[in-house]
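Structure record follows, encoded as structure tokens.
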Amino acid sequence: MSDTPLHQLILKHVLKRISLSEEEQAHFCSLLTVRKLLPRQYLLQQGEVCKYESYVCSGFLRSFYIDDAGNDHTLHFAMEDWWISDSASFIPQVPSRINIVAQEASVVLQIDRAGLEQLFNDIPAFERFWRVLNQQALISQDQRILNAISMTGAERYEALITKYPMLEQRLPQKHIASFLGITPVFLSQIRKGGRK
């Protein structure tokens with residue numbers, strides 16, 4: 001079960017953080033399901049309950065919120081070797097306030113809440129694995145908030161593109177602007193005026 005190329009990808013990801021026996025690896029893989037998404041296909045829609053944690057094997061996904069005025073606010077993005085979910089919906093199993101969509105053809109491996117709880121019971125090391133993931137996500141979120149307070153729009157853009165050089169090839173400019181909390185017009189001016 002754990003010898004498919006997709007399972008090898010996720011196991012490489014997991015084994016960087018925790019040690020597992022071959023039996024534990026196989027058990028983990030048995031709890032995963034594969035989902036393939038077309039460009040612009042939704043992984044999660046606002047109002048649905050988020051049923052899965054999803055690991056990105058290939059492709060690029062974006063989570064966003066639509067406000068009452070119909071404006072689209074990019075919250076997160078996820079590329080290969082990243083996880084994406086809506087914890088605020090997944091953990092308490094309540095309707096989601098966000099959407100997750102594939103920006104390009106994508107393949108994800110998913111685990112549902114029951115599978116995750118079973119994993120925590122059967123292989124306690126996975127509690128550590130998820131704690132490490134959540135700590136990293138928290139650090140990133142704090143950094144993003146700090147950047148929003150302490151940096152100009154141009155500085156936030158430079159920091160983002162320095163950290164993720166391929167982002168501009170994979171995410172439309174309007175979504176990058178939305179993620180940074182600036183207008184597409186302002187982002188266009190930054191790109192024309194200041195890129196070294």
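How things are named: the first chain in the structure tokens is A, the next is B, and so on; residues count from 1 in each chain; ligands count from 1 in the order shown.
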- Item | Residue neighbourhood Leu44 in chain A, 8 Å, only C-alpha atoms, exclusion window fewer than 4 positions, as number ranges by chain | A: 48, 50, 98-101
- Could you please write out, as a ChimeraX atom specification, every residue of range 19-193 of chain A that DSSP assigns to strand (DSSP E)? /A:33-37,42-44,52-58,61-66,72-78,83-84,99-102,106-112
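Neighbouring residues of range 56-60 of chain A at 9 Å or closer, counting only C-alpha atoms and skipping chain neighbours under 2 positions away, are Leu6, Leu9, Ile10, Leu37, Ser54, Arg62, Phe77, Ala78, Met79, Glu80, Asp81, Trp82, Trp83, Ile84, Val101, Ala102, Gln103, Glu104, Ala105, Ser106, Val107, Val108, Leu109, Gln110, Arg170 and Leu171 of chain A.
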File of the preceding selection, C-alpha atoms, as a PDB file, in the first residue's frame:
```pdb
ATOM      1  CA  LEU A   6       2.190   9.458  -4.091  1.00  0.00           C
ATOM      2  CA  LEU A   9       6.077  11.602  -1.506  1.00  0.00           C
ATOM      3  CA  ILE A  10       4.092  11.955   1.700  1.00  0.00           C
ATOM      4  CA  LEU A  37      -8.623  18.367  -9.011  1.00  0.00           C
ATOM      5  CA  SER A  54      -5.019  17.642   2.429  1.00  0.00           C
ATOM      6  CA  ARG A  62      -5.478  28.810  -2.787  1.00  0.00           C
ATOM      7  CA  PHE A  77      -1.779  29.199  -0.792  1.00  0.00           C
ATOM      8  CA  ALA A  78      -0.311  25.704  -0.910  1.00  0.00           C
ATOM      9  CA  MET A  79       2.093  24.127  -3.358  1.00  0.00           C
ATOM     10  CA  GLU A  80       3.815  20.750  -3.535  1.00  0.00           C
ATOM     11  CA  ASP A  81       4.825  19.269  -0.161  1.00  0.00           C
ATOM     12  CA  TRP A  82       2.450  21.566   1.771  1.00  0.00           C
ATOM     13  CA  TRP A  83      -0.788  20.863   3.627  1.00  0.00           C
ATOM     14  CA  ILE A  84      -4.014  22.815   3.219  1.00  0.00           C
ATOM     15  CA  VAL A 101      -9.707  26.055  -4.991  1.00  0.00           C
ATOM     16  CA  ALA A 102      -7.136  24.476  -7.295  1.00  0.00           C
ATOM     17  CA  GLN A 103      -5.300  27.178  -9.270  1.00  0.00           C
ATOM     18  CA  GLU A 104      -3.926  24.452 -11.558  1.00  0.00           C
ATOM     19  CA  ALA A 105      -4.441  20.704 -11.993  1.00  0.00           C
ATOM     20  CA  SER A 106      -3.638  19.259  -8.588  1.00  0.00           C
ATOM     21  CA  VAL A 107      -3.386  15.931  -6.780  1.00  0.00           C
ATOM     22  CA  VAL A 108      -3.811  15.746  -3.005  1.00  0.00           C
ATOM     23  CA  LEU A 109      -3.700  12.976  -0.423  1.00  0.00           C
ATOM     24  CA  GLN A 110      -6.393  13.405   2.212  1.00  0.00           C
ATOM     25  CA  ARG A 170       1.658  30.207 -10.367  1.00  0.00           C
ATOM     26  CA  LEU A 171      -0.636  32.776  -8.769  1.00  0.00           C
TER      27      LEU A 171
END
```
- Task: Could you find all residues in range 92-130 of chain A that DSSP calls alpha helix (DSSP H) from the backbone, and write them as a PyMOL selection string?
- Result: chain A and resi 113-122+125-130
- Shortest contact to Glu24 in chain A, candidates A:His73, A:Leu11, A:Thr183, A:Gln45, atoms counted only C-alpha atoms, goes to A:Leu11
- Task: Could you give me, as a list of chain:residue names, the residues within 12 Å of Arg113 in chain A, counting only C-alpha atoms and dropping anything in the same chain fewer than 5 positions from it?
- Result: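 Answer for this query is A:Leu31, A:Leu32, A:Val49, A:Cys50, A:Lys51, A:Tyr52, A:Glu53, A:Ser54, A:Ser85, A:Ser87, A:Ser89, A:Phe90, A:Ile91, A:Pro92, A:Gln93, A:Gln118, A:Leu119, A:Phe120.
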- Item | Nearest candidate to Gly153 in chain A (options A:Asn121, A:Gln46, A:Gln189, A:Gln136; using only C-alpha atoms) |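 Checking each candidate against Gly153 in chain A, we get A:Gln189 as the closest.
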- Rank A:Thr4, A:Tyr164, A:Leu15, A:Glu23 by their smallest atom-to-atom distance to Asp122 in chain A, using only C-alpha atoms, and report the top residue only.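 Once distances to Asp122 in chain A are computed over only C-alpha atoms, the minimum belongs to A:Glu23.
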- Item | Residues within 12 Å of Val185 in chain A, only C-alpha atoms, excluding chain neighbours under 6 positions, as a ChimeraX atom specification | /A:153,173-174,176-178,191-192
Dump N, CA and C atoms for the selected residues as a PDB file, in the first residue's frame?
```pdb
ATOM      1  N   GLY A 153       3.781  48.036   1.687  1.00  0.00           N
ATOM      2  CA  GLY A 153       3.303  47.076   0.690  1.00  0.00           C
ATOM      3  C   GLY A 153       4.433  46.574  -0.195  1.00  0.00           C
ATOM      4  N   GLN A 173      -1.626  37.922 -10.427  1.00  0.00           N
ATOM      5  CA  GLN A 173      -1.241  39.138  -9.713  1.00  0.00           C
ATOM      6  C   GLN A 173      -2.336  39.628  -8.765  1.00  0.00           C
ATOM      7  N   LYS A 174      -3.600  39.524  -9.184  1.00  0.00           N
ATOM      8  CA  LYS A 174      -4.700  40.023  -8.325  1.00  0.00           C
ATOM      9  C   LYS A 174      -4.771  39.238  -7.010  1.00  0.00           C
ATOM     10  N   ILE A 176      -2.103  37.676  -5.577  1.00  0.00           N
ATOM     11  CA  ILE A 176      -0.916  38.062  -4.799  1.00  0.00           C
ATOM     12  C   ILE A 176      -1.198  39.384  -4.086  1.00  0.00           C
ATOM     13  N   ALA A 177      -1.792  40.331  -4.808  1.00  0.00           N
ATOM     14  CA  ALA A 177      -2.142  41.633  -4.215  1.00  0.00           C
ATOM     15  C   ALA A 177      -3.090  41.439  -3.034  1.00  0.00           C
ATOM     16  N   SER A 178      -4.103  40.597  -3.231  1.00  0.00           N
ATOM     17  CA  SER A 178      -5.083  40.321  -2.181  1.00  0.00           C
ATOM     18  C   SER A 178      -4.413  39.695  -0.958  1.00  0.00           C
ATOM     19  N   ARG A 191       5.791  46.614  -8.973  1.00  0.00           N
ATOM     20  CA  ARG A 191       6.556  45.743  -9.885  1.00  0.00           C
ATOM     21  C   ARG A 191       7.238  46.536 -10.973  1.00  0.00           C
ATOM     22  N   LYS A 192       6.593  47.565 -11.474  1.00  0.00           N
ATOM     23  CA  LYS A 192       7.200  48.410 -12.524  1.00  0.00           C
ATOM     24  C   LYS A 192       8.326  49.264 -11.968  1.00  0.00           C
TER      25      LYS A 192
END
```
- Query: What is the CA of Lys16 in chain A to CA of Phe126 in chain A distance in Å?
  - Reply: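 Result for CA of Lys16 in chain A versus CA of Phe126 in chain A: 12.4 Å, one decimal.
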